[in-house]
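Visitor: Next comes the structure file coords-v8.cif, holding mmCIF, C-alpha atoms and all ligand atoms.
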data_run
loop_
_atom_site.label_atom_id
_atom_site.label_comp_id
_atom_site.auth_asym_id
_atom_site.auth_seq_id
_atom_site.Cartn_x
_atom_site.Cartn_y
_atom_site.Cartn_z
CA MET A 1478 0.00 0.00 0.00
CA GLY A 1479 2.96 2.29 0.57
CA VAL A 1480 3.60 4.13 3.84
CA PRO A 1481 1.90 6.31 5.00
CA THR A 1482 -1.09 4.11 4.28
CA LEU A 1483 -4.11 6.10 3.19
CA GLY A 1484 -6.43 6.96 6.06
CA CYS A 1485 -4.04 5.78 8.78
CA ASP A 1486 -2.60 7.91 11.58
CA CYS A 1487 -0.53 5.24 13.37
CA ALA A 1488 2.95 6.04 14.73
CA VAL A 1489 4.71 4.75 11.59
CA CYS A 1490 2.39 6.50 9.13
CA THR A 1491 2.92 9.80 10.97
CA SER A 1492 6.64 9.23 11.65
CA ALA A 1493 9.07 12.09 11.00
CA ASP A 1494 11.78 9.60 10.00
CA PRO A 1495 12.11 9.75 6.19
CA HIS A 1496 12.98 6.01 6.23
CA ASP A 1497 9.36 5.34 7.20
CA ALA A 1498 8.05 6.87 3.95
CA ARG A 1499 7.80 3.97 1.51
CA LEU A 1500 6.78 3.99 -2.15
CA ARG A 1501 5.66 0.72 -3.73
CA PRO A 1502 8.56 -1.76 -4.13
CA SER A 1503 10.76 -1.85 -7.21
CA VAL A 1504 14.45 -2.09 -7.98
CA ALA A 1505 16.72 -0.82 -10.75
CA VAL A 1506 19.85 -2.77 -11.63
CA ARG A 1507 22.34 -0.41 -13.26
CA TRP A 1508 25.78 -0.98 -14.68
CA ALA A 1509 28.30 0.39 -17.15
CA GLY A 1510 28.13 -1.63 -20.34
CA ALA A 1511 30.36 -2.01 -23.37
CA GLY A 1512 31.81 1.27 -24.60
CA GLY A 1513 30.85 3.04 -21.41
CA SER A 1514 27.12 2.87 -22.13
CA ARG A 1515 24.86 2.90 -19.09
CA ARG A 1516 22.55 -0.06 -18.69
CA THR A 1517 19.39 -0.12 -16.60
CA VAL A 1518 17.10 -3.06 -15.93
CA VAL A 1519 14.03 -2.45 -13.81
CA ILE A 1520 12.26 -5.15 -11.82
CA ASP A 1521 8.54 -4.23 -11.61
CA THR A 1522 7.04 -0.91 -12.61
CA GLY A 1523 4.61 -0.13 -9.79
CA PRO A 1524 2.29 2.87 -9.51
CA ASP A 1525 5.24 4.95 -8.22
CA PHE A 1526 7.57 4.10 -11.10
CA ARG A 1527 7.50 7.62 -12.58
CA GLN A 1528 8.40 9.22 -9.26
CA GLN A 1529 11.14 6.65 -8.64
CA ALA A 1530 12.59 7.13 -12.13
CA LEU A 1531 12.70 10.90 -11.63
CA ARG A 1532 14.25 10.54 -8.20
CA HIS A 1533 16.98 8.22 -9.45
CA LYS A 1534 17.50 9.86 -12.84
CA ILE A 1535 16.53 6.82 -14.86
CA THR A 1536 16.62 8.15 -18.41
CA ALA A 1537 16.71 4.85 -20.31
CA VAL A 1538 15.54 1.31 -19.62
CA ASP A 1539 17.05 -1.72 -21.37
CA ALA A 1540 14.51 -4.24 -20.08
CA VAL A 1541 11.85 -4.79 -17.43
CA PHE A 1542 11.33 -8.02 -15.50
CA TYR A 1543 7.98 -8.54 -13.80
CA THR A 1544 7.65 -10.60 -10.64
CA HIS A 1545 3.86 -10.96 -10.98
CA ASN A 1546 0.65 -9.26 -12.04
CA HIS A 1547 -0.52 -7.35 -8.95
CA ALA A 1548 -1.30 -3.63 -9.12
CA ASP A 1549 1.58 -2.54 -6.91
CA HIS A 1550 4.03 -4.17 -9.37
CA ILE A 1551 2.66 -3.35 -12.83
CA LEU A 1552 0.61 -0.15 -12.82
CA GLY A 1553 3.50 2.11 -13.81
CA MET A 1554 4.07 0.33 -17.13
CA ASP A 1555 2.56 3.15 -19.17
CA ASP A 1556 5.14 5.58 -17.77
CA LEU A 1557 7.76 3.73 -19.81
CA ARG A 1558 6.35 5.53 -22.87
CA PRO A 1559 8.80 8.44 -23.15
CA LEU A 1560 11.76 6.16 -22.41
CA SER A 1561 10.53 3.63 -24.96
CA TYR A 1562 10.43 6.21 -27.76
CA GLU A 1563 14.17 6.74 -27.35
CA ALA A 1564 14.73 2.96 -27.42
CA PHE A 1565 12.48 2.74 -30.49
CA ARG A 1566 14.53 5.41 -32.29
CA ARG A 1567 17.61 3.33 -31.61
CA GLY A 1568 15.91 0.40 -33.26
CA GLY A 1569 13.95 -1.69 -30.78
CA ASN A 1570 11.12 -1.97 -28.34
CA ILE A 1571 11.82 -2.28 -24.62
CA PRO A 1572 11.46 -5.98 -23.75
CA LEU A 1573 9.09 -6.71 -20.86
CA TYR A 1574 9.79 -10.14 -19.41
CA ALA A 1575 6.60 -11.50 -17.86
CA ASP A 1576 5.07 -14.90 -17.16
CA GLU A 1577 1.82 -15.92 -18.86
CA THR A 1578 -0.46 -14.62 -16.10
CA THR A 1579 1.29 -11.27 -15.91
CA ALA A 1580 1.40 -10.90 -19.70
CA GLU A 1581 -2.34 -11.61 -19.83
CA THR A 1582 -3.05 -8.96 -17.19
CA LEU A 1583 -0.82 -6.38 -18.87
CA THR A 1584 -2.47 -7.10 -22.23
CA ARG A 1585 -5.93 -6.65 -20.72
CA ILE A 1586 -5.15 -3.41 -18.86
CA TYR A 1587 -3.11 -1.87 -21.66
CA ASP A 1588 -5.12 -3.16 -24.60
CA TYR A 1589 -4.31 0.01 -26.56
CA THR A 1590 -0.65 -1.00 -26.33
CA PHE A 1591 -0.71 -4.77 -26.76
CA ALA A 1592 -3.84 -5.67 -28.73
CA PRO A 1593 -3.00 -7.02 -32.19
CA GLY A 1594 -3.33 -4.10 -34.57
CA ALA A 1595 -3.16 -1.49 -31.78
CA THR A 1596 -2.84 1.82 -33.57
CA TYR A 1597 -2.82 4.32 -30.69
CA PRO A 1598 0.14 6.42 -31.83
CA ASN A 1599 1.46 7.23 -28.35
CA ARG A 1600 1.53 3.65 -27.09
CA ALA A 1601 4.64 2.45 -25.31
CA ARG A 1602 7.12 0.80 -27.68
CA VAL A 1603 7.42 -2.33 -25.58
CA GLU A 1604 7.10 -6.04 -26.26
CA LEU A 1605 6.19 -8.91 -23.97
CA ARG A 1606 8.60 -11.81 -23.74
CA PRO A 1607 8.40 -14.98 -21.63
CA ILE A 1608 10.69 -15.42 -18.64
CA ALA A 1609 13.37 -18.06 -19.30
CA PRO A 1610 15.36 -19.78 -16.54
CA ARG A 1611 18.22 -17.45 -17.50
CA THR A 1612 17.77 -14.30 -19.55
CA PRO A 1613 20.77 -12.33 -20.81
CA VAL A 1614 20.49 -8.54 -21.00
CA HIS A 1615 23.65 -7.13 -22.56
CA GLU A 1616 26.50 -8.01 -20.17
CA ALA A 1617 24.24 -9.30 -17.39
CA GLU A 1618 22.13 -12.41 -16.87
CA PHE A 1619 18.89 -12.60 -14.93
CA VAL A 1620 18.08 -15.97 -13.37
CA SER A 1621 14.45 -16.72 -12.56
CA ILE A 1622 13.82 -17.82 -8.98
CA PRO A 1623 10.43 -19.60 -8.81
CA VAL A 1624 8.58 -18.77 -5.56
CA LEU A 1625 5.01 -18.88 -4.24
CA HIS A 1626 2.84 -15.85 -3.44
CA GLY A 1627 -0.09 -17.52 -1.70
CA GLU A 1628 -1.41 -19.95 -4.31
CA GLN A 1629 0.26 -18.13 -7.20
CA ALA A 1630 3.61 -19.15 -8.70
CA ILE A 1631 5.62 -15.98 -9.27
CA HIS A 1632 9.23 -15.00 -9.97
CA GLY A 1633 12.15 -13.62 -8.06
CA PHE A 1634 15.36 -12.81 -9.89
CA ARG A 1635 19.04 -13.37 -9.31
CA PHE A 1636 21.64 -11.18 -11.06
CA GLY A 1637 25.28 -11.83 -10.30
CA ASN A 1638 25.87 -11.95 -6.55
CA ALA A 1639 22.50 -10.39 -5.73
CA ALA A 1640 18.89 -11.57 -5.72
CA TYR A 1641 15.57 -9.77 -5.42
CA LEU A 1642 12.48 -11.58 -4.13
CA THR A 1643 9.24 -9.85 -3.25
CA ASP A 1644 5.70 -10.97 -2.40
CA VAL A 1645 6.83 -14.42 -1.31
CA SER A 1646 4.96 -16.72 1.08
CA ALA A 1647 6.96 -19.89 0.32
CA ILE A 1648 10.28 -20.73 -1.31
CA PRO A 1649 10.37 -24.20 -2.95
CA GLU A 1650 13.33 -26.39 -2.00
CA SER A 1651 14.65 -26.30 -5.57
CA SER A 1652 14.83 -22.50 -5.49
CA PHE A 1653 17.09 -22.43 -2.43
CA GLY A 1654 19.73 -24.03 -4.68
CA LEU A 1655 19.62 -20.94 -6.92
CA LEU A 1656 20.34 -18.65 -3.98
CA THR A 1657 23.78 -19.83 -2.89
CA GLY A 1658 26.85 -17.62 -2.65
CA LEU A 1659 24.94 -14.33 -2.49
CA GLU A 1660 26.43 -11.11 -1.18
CA THR A 1661 23.14 -9.23 -1.38
CA LEU A 1662 19.67 -10.67 -0.88
CA VAL A 1663 16.38 -8.80 -0.88
CA LEU A 1664 13.45 -10.59 0.77
CA PRO A 1665 9.93 -9.40 1.52
CA ALA A 1666 8.79 -8.89 5.11
CA LEU A 1667 5.30 -7.43 5.42
CA ARG A 1668 4.73 -7.27 9.18
CA HIS A 1669 5.03 -9.42 12.32
CA THR A 1670 1.70 -11.24 12.09
CA PRO A 1671 1.28 -14.05 9.51
CA HIS A 1672 -0.41 -13.31 6.19
CA PRO A 1673 -1.68 -15.91 3.67
CA SER A 1674 0.35 -14.59 0.72
CA HIS A 1675 3.21 -12.59 2.27
CA ALA A 1676 6.10 -13.53 4.54
CA SER A 1677 6.11 -12.15 8.05
CA LEU A 1678 9.36 -10.60 9.26
CA GLU A 1679 10.02 -13.66 11.42
CA GLN A 1680 9.53 -16.04 8.45
CA ALA A 1681 11.81 -13.88 6.27
CA VAL A 1682 14.52 -13.82 8.94
CA GLY A 1683 14.40 -17.63 8.94
CA TRP A 1684 14.92 -17.75 5.17
CA ALA A 1685 17.67 -15.14 5.40
CA LYS A 1686 19.54 -17.28 7.96
CA ARG A 1687 19.19 -20.39 5.80
CA ILE A 1688 20.28 -18.64 2.56
CA GLY A 1689 23.15 -16.92 4.37
CA ALA A 1690 23.77 -13.94 2.11
CA LYS A 1691 26.36 -11.52 3.44
CA GLN A 1692 23.65 -8.86 3.74
CA THR A 1693 19.88 -9.29 3.58
CA TRP A 1694 17.55 -6.36 3.03
CA PHE A 1695 13.81 -6.60 3.69
CA THR A 1696 11.30 -4.93 1.39
CA HIS A 1697 7.51 -4.78 0.75
CA ILE A 1698 7.11 -3.45 4.28
CA ALA A 1699 3.76 -2.43 5.70
CA HIS A 1700 3.11 0.26 8.31
CA GLU A 1701 3.30 -2.26 11.16
CA LEU A 1702 7.12 -2.13 10.96
CA GLY A 1703 8.77 1.11 12.08
CA HIS A 1704 12.19 1.48 10.48
CA GLU A 1705 14.43 2.23 13.46
CA GLU A 1706 12.71 0.08 16.07
CA THR A 1707 12.58 -2.91 13.71
CA ASN A 1708 16.21 -2.57 12.65
CA ARG A 1709 17.30 -2.56 16.31
CA MET A 1710 15.89 -6.07 16.79
CA LEU A 1711 17.27 -7.64 13.60
CA PRO A 1712 20.36 -9.91 13.62
CA ASP A 1713 23.65 -8.69 12.14
CA GLY A 1714 23.63 -8.72 8.35
CA MET A 1715 19.89 -8.03 8.13
CA ALA A 1716 18.06 -4.73 7.90
CA LEU A 1717 14.94 -3.14 6.53
CA ALA A 1718 15.56 -1.57 3.13
CA HIS A 1719 14.35 1.96 2.47
CA ASP A 1720 13.45 4.08 -0.52
CA GLY A 1721 16.55 5.25 -2.33
CA LEU A 1722 18.82 2.53 -0.92
CA GLU A 1723 21.76 1.86 -3.25
CA VAL A 1724 23.87 -1.29 -2.93
CA PRO A 1725 26.95 -2.14 -5.02
CA ILE A 1726 26.79 -5.61 -6.57
CA LEU A 1727 28.88 -7.78 -8.90
CA LEU A 1728 27.03 -8.80 -12.05
CA ASP A 1729 29.60 -11.21 -13.46
CA ALA A 1730 29.36 -13.57 -10.51
CA ASN A 1731 26.73 -16.06 -11.66
CA GLN A 1732 28.99 -18.92 -10.59
CA PHE A 1733 26.98 -20.92 -8.13
CA ASP A 1734 25.89 -24.49 -7.59
CA GLY A 1735 22.43 -24.24 -9.04
CA ASN A 1736 20.72 -27.62 -8.76
CA ASP A 1737 17.69 -26.90 -10.89
CA MET A 1738 19.06 -25.25 -13.98
CA SER A 1739 17.41 -27.36 -16.66
CA GLY A 1740 17.10 -25.26 -19.76
CA ALA A 1741 19.88 -22.96 -18.62
CA ASP A 1742 21.68 -20.95 -21.27
CA ALA A 1743 18.89 -21.56 -23.74
ZN ZN A 1801 -0.36 3.33 9.66
ZN ZN A 1802 1.46 -9.39 -4.95
ZN ZN A 1803 3.12 -6.54 -3.81
#
Could you write out this file's structure as C-alpha cells?
Guide:
Amino acid sequence: MGVPTLGCDCAVCTSADPHDARLRPSVAVRWAGAGGSRRTVVIDTGPDFRQQALRHKITAVDAVFYTHNHADHILGMDDLRPLSYEAFRRGGNIPLYADETTAETLTRIYDYTFAPGATYPNRARVELRPIAPRTPVHEAEFVSIPVLHGEQAIHGFRFGNAAYLTDVSAIPESSFGLLTGLETLVLPALRHTPHPSHASLEQAVGWAKRIGAKQTWFTHIAHELGHEETNRMLPDGMALAHDGLEVPILLDANQFDGNDMSGADA
C-alpha cells in the first residue's frame, strides 16, 4: 500500500523519520556496459515508477522483468512511454519479461498497447517476452527464482551476486539451490503477524539465515514495521531496506551451484 497508508494515523504513518516513507517496491539494476554505455534493468514498474525514475535519474531502460501481475508491481508500465520512444529510435522496443499470467493482465489493462493491430500512436514501444530460466540482457544475466505468493507461482530474480524476491509466502526447496553464494539478498517482510500470501518478518529472517547472504535487506514493508525500532531487533547482516537505498553488486558472478538449472543458457 505504501507508507503512510491512506487513512491511517498510526505512529509509523505519521513518523518524522524519512525512512518510514515507503513507495511501492521496485528495484533498478544499473551498470556500465560495453563502450561506457549505461545499462538499466528495472524489476517491476509499480504505480510509483514515474516518481522513482525521476528521483533516481533513470533516463533509459534496457529491459523490465515482472515478478507478478498485482497492481503494486505493474501499474507504472505506461510511464515507460517516453523512455521507450528513445529505445524505439535506436531500433527496438523495450522488452518486458513477464510470465503468462502477468502478460495476460498487462495485455488486458493496456489493450491500446498490446492488442494485435493497436494503432494508438502514443503507445509504449514495448514487447512482452516470456521469462526463461536465464535471460541475458547485454553483459548481465537474470536468473528466474520460482517462488510462491499464496497460491500463485511468481518470480524472483538473481543477477550476479544479488537476488531480489518480493511478495513471497513460500520458497520451494529447488529454489534455495539458486540462492547460494549471495552477497546481497532482498526478501519481503510485510509485518510481524502471519499473512496468507506474504512472509512475516520472522519467516523472512528464517529464510535469510538459511540462505546466508552476506547482507539481507527486507522490502515490501507495511506500516506495522517502524524502520528504526525494527532494525534494532534484527540480527547482524539483516536490515529493513528503504526508498533510495543503493547497494553495489557484482554482475559477473553467476557462478553458483544451481541444482535446478534445466534449460539454462537456452
Ligand atoms: Zn499506519
Ligand atoms: Zn502481490
Ligand atoms: Zn506486492
Visitor: Figure out the distance between atom CA of A:Pro1613 and atom CA of A:Asp1556, please, to one decimal in Å.
Guide: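 Separation between atom CA of A:Asp1556 and atom CA of A:Pro1613: 24.0 Å.
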Visitor: Within 8 Å of ligand ZN 1803 (chain A), which residues show up when you count all atoms listed in the file? List them as a list in words, please.
Guide: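 Going residue by residue within 8 Å of ligand ZN 1803 (chain A), we get Arg1501, Pro1502, His1547, Ala1548, Asp1549, His1550, Thr1643, Asp1644 and His1697 of chain A.
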Visitor: Counting all atoms listed in the file, name the residues that have an atom within 9 Å of an atom of ligand ZN 1801 (chain A); the answer should be given as a ChimeraX atom specification.
Guide: /A:1480-1491,1699-1701
Visitor: Around ligand ZN 1802 (chain A), at most 12 Å away and counting all atoms listed in the file, which residues are there? Put them as a ChimeraX atom specification, please.
Guide: /A:1478,1501-1502,1521,1523,1543-1551,1579,1624-1633,1642-1646,1665,1667,1672-1676,1697
Visitor: Keeping C-alpha atoms for every residue in the selection just given, could you write it to a file as a short mmCIF file (atom, residue, chain, number, x, y, z; two decimals), in the frame of the given file?
Guide:
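Written output follows (part_39.cif):
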data_model
loop_
_atom_site.label_atom_id
_atom_site.label_comp_id
_atom_site.auth_asym_id
_atom_site.auth_seq_id
_atom_site.Cartn_x
_atom_site.Cartn_y
_atom_site.Cartn_z
CA MET A 1478 0.00 0.00 0.00
CA ARG A 1501 5.66 0.72 -3.73
CA PRO A 1502 8.56 -1.76 -4.13
CA ASP A 1521 8.54 -4.23 -11.61
CA GLY A 1523 4.61 -0.13 -9.79
CA TYR A 1543 7.98 -8.54 -13.80
CA THR A 1544 7.65 -10.60 -10.64
CA HIS A 1545 3.86 -10.96 -10.98
CA ASN A 1546 0.65 -9.26 -12.04
CA HIS A 1547 -0.52 -7.35 -8.95
CA ALA A 1548 -1.30 -3.63 -9.12
CA ASP A 1549 1.58 -2.54 -6.91
CA HIS A 1550 4.03 -4.17 -9.37
CA ILE A 1551 2.66 -3.35 -12.83
CA THR A 1579 1.29 -11.27 -15.91
CA VAL A 1624 8.58 -18.77 -5.56
CA LEU A 1625 5.01 -18.88 -4.24
CA HIS A 1626 2.84 -15.85 -3.44
CA GLY A 1627 -0.09 -17.52 -1.70
CA GLU A 1628 -1.41 -19.95 -4.31
CA GLN A 1629 0.26 -18.13 -7.20
CA ALA A 1630 3.61 -19.15 -8.70
CA ILE A 1631 5.62 -15.98 -9.27
CA HIS A 1632 9.23 -15.00 -9.97
CA GLY A 1633 12.15 -13.62 -8.06
CA LEU A 1642 12.48 -11.58 -4.13
CA THR A 1643 9.24 -9.85 -3.25
CA ASP A 1644 5.70 -10.97 -2.40
CA VAL A 1645 6.83 -14.42 -1.31
CA SER A 1646 4.96 -16.72 1.08
CA PRO A 1665 9.93 -9.40 1.52
CA LEU A 1667 5.30 -7.43 5.42
CA HIS A 1672 -0.41 -13.31 6.19
CA PRO A 1673 -1.68 -15.91 3.67
CA SER A 1674 0.35 -14.59 0.72
CA HIS A 1675 3.21 -12.59 2.27
CA ALA A 1676 6.10 -13.53 4.54
CA HIS A 1697 7.51 -4.78 0.75
#
Visitor: Given the choices A:Thr1707, A:Val1603, A:Leu1573, A:Leu1702, which gets closest to A:Thr1670 if the distance is worked out from all atoms listed in the file?
Guide: A:Leu1702
Visitor: What does the structure give for the distance between atom CA of A:Met1710 and atom CA of A:Ala1666, in Å to one decimal?
Guide: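 Separation of atom CA of A:Met1710 and atom CA of A:Ala1666: 14.0 Å.
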Visitor: Between atom CA of A:Pro1610 and atom CA of A:Glu1679, what is the distance in Å, rounded to a tenth?
Guide: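 It comes out at 29.1 Å.
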Visitor: Would you kindly identify which residues have an atom no farther than 10 Å from (21.1, -20.8, 4.8), using only C-alpha atoms and the file's own coordinates, and write them out as a compact mmCIF listing (two decimals) with C-alpha atoms, keeping the file's coordinate frame?
Guide:
# COMPACT_ATOMS: atom_id res chain seq x y z
CA PHE A 1653 17.09 -22.43 -2.43
CA LEU A 1656 20.34 -18.65 -3.98
CA THR A 1657 23.78 -19.83 -2.89
CA GLY A 1658 26.85 -17.62 -2.65
CA GLY A 1683 14.40 -17.63 8.94
CA TRP A 1684 14.92 -17.75 5.17
CA ALA A 1685 17.67 -15.14 5.40
CA LYS A 1686 19.54 -17.28 7.96
CA ARG A 1687 19.19 -20.39 5.80
CA ILE A 1688 20.28 -18.64 2.56
CA GLY A 1689 23.15 -16.92 4.37
CA ALA A 1690 23.77 -13.94 2.11
Visitor: Do a neighbour search on stretch 1505-1510 of chain A at 7 Å with all atoms listed in the file, toss out local chain neighbours closer than 3 positions, and write the hits as a JSON list (two decimals) with C-alpha atoms, in the coordinates of the input.
Guide:
[["chain", "number", "residue", "atom", "x", "y", "z"],
["A", 1513, "GLY", "CA", 30.85, 3.04, -21.41],
["A", 1514, "SER", "CA", 27.12, 2.87, -22.13],
["A", 1515, "ARG", "CA", 24.86, 2.90, -19.09],
["A", 1516, "ARG", "CA", 22.55, -0.06, -18.69],
["A", 1517, "THR", "CA", 19.39, -0.12, -16.60],
["A", 1518, "VAL", "CA", 17.10, -3.06, -15.93],
["A", 1519, "VAL", "CA", 14.03, -2.45, -13.81],
["A", 1520, "ILE", "CA", 12.26, -5.15, -11.82],
["A", 1616, "GLU", "CA", 26.50, -8.01, -20.17]]
Visitor: Counting all atoms listed in the file, which residue out of A:Tyr1562, A:Ala1617, A:Asp1713, A:Gly1553 sits closest to A:Pro1598?
Guide: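 The closest residue to A:Pro1598 is A:Tyr1562.
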Visitor: Which is closer to A:Ile1571 than all the others in A:Phe1542, A:Tyr1587, A:Phe1619, A:Tyr1597, using all atoms listed in the file?
Guide: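 Among A:Phe1542, A:Tyr1587, A:Phe1619, A:Tyr1597, it is A:Phe1542 that comes nearest to A:Ile1571.
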Visitor: Rebuild all heavy atoms on stretch 1595-1604 of chain A, as a PDB file, keeping the file's coordinate frame?
Guide:
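Once everything was written out, this is rebuild31.pdb:
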ATOM      1  N   ALA A1595      -3.019  -2.726 -32.545  1.00  0.00           N
ATOM      2  CA  ALA A1595      -3.160  -1.490 -31.780  1.00  0.00           C
ATOM      3  C   ALA A1595      -2.542  -0.336 -32.571  1.00  0.00           C
ATOM      4  O   ALA A1595      -1.409  -0.438 -33.038  1.00  0.00           O
ATOM      5  CB  ALA A1595      -2.466  -1.620 -30.423  1.00  0.00           C
ATOM      6  N   THR A1596      -3.312   0.721 -32.717  1.00  0.00           N
ATOM      7  CA  THR A1596      -2.840   1.820 -33.570  1.00  0.00           C
ATOM      8  C   THR A1596      -2.670   3.118 -32.788  1.00  0.00           C
ATOM      9  O   THR A1596      -2.303   4.134 -33.358  1.00  0.00           O
ATOM     10  CB  THR A1596      -3.838   2.082 -34.719  1.00  0.00           C
ATOM     11  OG1 THR A1596      -5.132   2.280 -34.148  1.00  0.00           O
ATOM     12  CG2 THR A1596      -3.862   0.915 -35.683  1.00  0.00           C
ATOM     13  N   TYR A1597      -2.964   3.105 -31.476  1.00  0.00           N
ATOM     14  CA  TYR A1597      -2.820   4.320 -30.690  1.00  0.00           C
ATOM     15  C   TYR A1597      -1.380   4.831 -30.851  1.00  0.00           C
ATOM     16  O   TYR A1597      -0.420   4.131 -30.507  1.00  0.00           O
ATOM     17  CB  TYR A1597      -3.138   4.017 -29.223  1.00  0.00           C
ATOM     18  CG  TYR A1597      -2.952   5.187 -28.298  1.00  0.00           C
ATOM     19  CD1 TYR A1597      -3.584   6.406 -28.552  1.00  0.00           C
ATOM     20  CD2 TYR A1597      -2.155   5.081 -27.169  1.00  0.00           C
ATOM     21  CE1 TYR A1597      -3.414   7.474 -27.701  1.00  0.00           C
ATOM     22  CE2 TYR A1597      -1.974   6.142 -26.304  1.00  0.00           C
ATOM     23  CZ  TYR A1597      -2.608   7.339 -26.581  1.00  0.00           C
ATOM     24  OH  TYR A1597      -2.429   8.406 -25.740  1.00  0.00           O
ATOM     25  N   PRO A1598      -1.208   6.013 -31.416  1.00  0.00           N
ATOM     26  CA  PRO A1598       0.140   6.420 -31.830  1.00  0.00           C
ATOM     27  C   PRO A1598       1.100   6.639 -30.663  1.00  0.00           C
ATOM     28  O   PRO A1598       2.318   6.514 -30.836  1.00  0.00           O
ATOM     29  CB  PRO A1598      -0.097   7.731 -32.591  1.00  0.00           C
ATOM     30  CG  PRO A1598      -1.442   8.199 -32.175  1.00  0.00           C
ATOM     31  CD  PRO A1598      -2.226   7.000 -31.786  1.00  0.00           C
ATOM     32  N   ASN A1599       0.573   6.952 -29.478  1.00  0.00           N
ATOM     33  CA  ASN A1599       1.460   7.230 -28.350  1.00  0.00           C
ATOM     34  C   ASN A1599       1.641   6.038 -27.436  1.00  0.00           C
ATOM     35  O   ASN A1599       2.009   6.186 -26.283  1.00  0.00           O
ATOM     36  CB  ASN A1599       0.916   8.415 -27.547  1.00  0.00           C
ATOM     37  CG  ASN A1599       0.926   9.683 -28.371  1.00  0.00           C
ATOM     38  OD1 ASN A1599       1.752   9.842 -29.271  1.00  0.00           O
ATOM     39  ND2 ASN A1599      -0.008  10.570 -28.099  1.00  0.00           N
ATOM     40  N   ARG A1600       1.366   4.835 -27.940  1.00  0.00           N
ATOM     41  CA  ARG A1600       1.530   3.650 -27.090  1.00  0.00           C
ATOM     42  C   ARG A1600       3.012   3.421 -26.801  1.00  0.00           C
ATOM     43  O   ARG A1600       3.881   3.818 -27.577  1.00  0.00           O
ATOM     44  CB  ARG A1600       0.930   2.419 -27.769  1.00  0.00           C
ATOM     45  CG  ARG A1600       1.666   1.972 -29.018  1.00  0.00           C
ATOM     46  CD  ARG A1600       0.869   0.883 -29.757  1.00  0.00           C
ATOM     47  NE  ARG A1600       1.623   0.365 -30.904  1.00  0.00           N
ATOM     48  CZ  ARG A1600       1.671   0.963 -32.094  1.00  0.00           C
ATOM     49  NH1 ARG A1600       1.036   2.113 -32.298  1.00  0.00           N
ATOM     50  NH2 ARG A1600       2.358   0.426 -33.083  1.00  0.00           N
ATOM     51  N   ALA A1601       3.264   2.778 -25.673  1.00  0.00           N
ATOM     52  CA  ALA A1601       4.640   2.450 -25.310  1.00  0.00           C
ATOM     53  C   ALA A1601       5.213   1.480 -26.334  1.00  0.00           C
ATOM     54  O   ALA A1601       4.532   0.554 -26.774  1.00  0.00           O
ATOM     55  CB  ALA A1601       4.679   1.826 -23.918  1.00  0.00           C
ATOM     56  N   ARG A1602       6.447   1.713 -26.733  1.00  0.00           N
ATOM     57  CA  ARG A1602       7.120   0.800 -27.680  1.00  0.00           C
ATOM     58  C   ARG A1602       7.794  -0.293 -26.858  1.00  0.00           C
ATOM     59  O   ARG A1602       8.983  -0.223 -26.537  1.00  0.00           O
ATOM     60  CB  ARG A1602       8.134   1.574 -28.516  1.00  0.00           C
ATOM     61  CG  ARG A1602       7.523   2.742 -29.259  1.00  0.00           C
ATOM     62  CD  ARG A1602       6.462   2.268 -30.260  1.00  0.00           C
ATOM     63  NE  ARG A1602       5.827   3.433 -30.902  1.00  0.00           N
ATOM     64  CZ  ARG A1602       5.239   3.390 -32.088  1.00  0.00           C
ATOM     65  NH1 ARG A1602       5.171   2.257 -32.756  1.00  0.00           N
ATOM     66  NH2 ARG A1602       4.708   4.476 -32.601  1.00  0.00           N
ATOM     67  N   VAL A1603       6.970  -1.246 -26.454  1.00  0.00           N
ATOM     68  CA  VAL A1603       7.420  -2.330 -25.580  1.00  0.00           C
ATOM     69  C   VAL A1603       6.948  -3.645 -26.177  1.00  0.00           C
ATOM     70  O   VAL A1603       6.011  -3.667 -26.985  1.00  0.00           O
ATOM     71  CB  VAL A1603       6.848  -2.172 -24.153  1.00  0.00           C
ATOM     72  CG1 VAL A1603       7.437  -0.959 -23.453  1.00  0.00           C
ATOM     73  CG2 VAL A1603       5.322  -2.078 -24.177  1.00  0.00           C
ATOM     74  N   GLU A1604       7.589  -4.732 -25.805  1.00  0.00           N
ATOM     75  CA  GLU A1604       7.100  -6.040 -26.260  1.00  0.00           C
ATOM     76  C   GLU A1604       7.238  -7.071 -25.149  1.00  0.00           C
ATOM     77  O   GLU A1604       8.245  -7.108 -24.432  1.00  0.00           O
ATOM     78  CB  GLU A1604       7.822  -6.492 -27.525  1.00  0.00           C
ATOM     79  CG  GLU A1604       9.309  -6.697 -27.365  1.00  0.00           C
ATOM     80  CD  GLU A1604       9.977  -7.013 -28.706  1.00  0.00           C
ATOM     81  OE1 GLU A1604       9.871  -6.180 -29.627  1.00  0.00           O
ATOM     82  OE2 GLU A1604      10.598  -8.082 -28.815  1.00  0.00           O
TER      83      GLU A1604
END
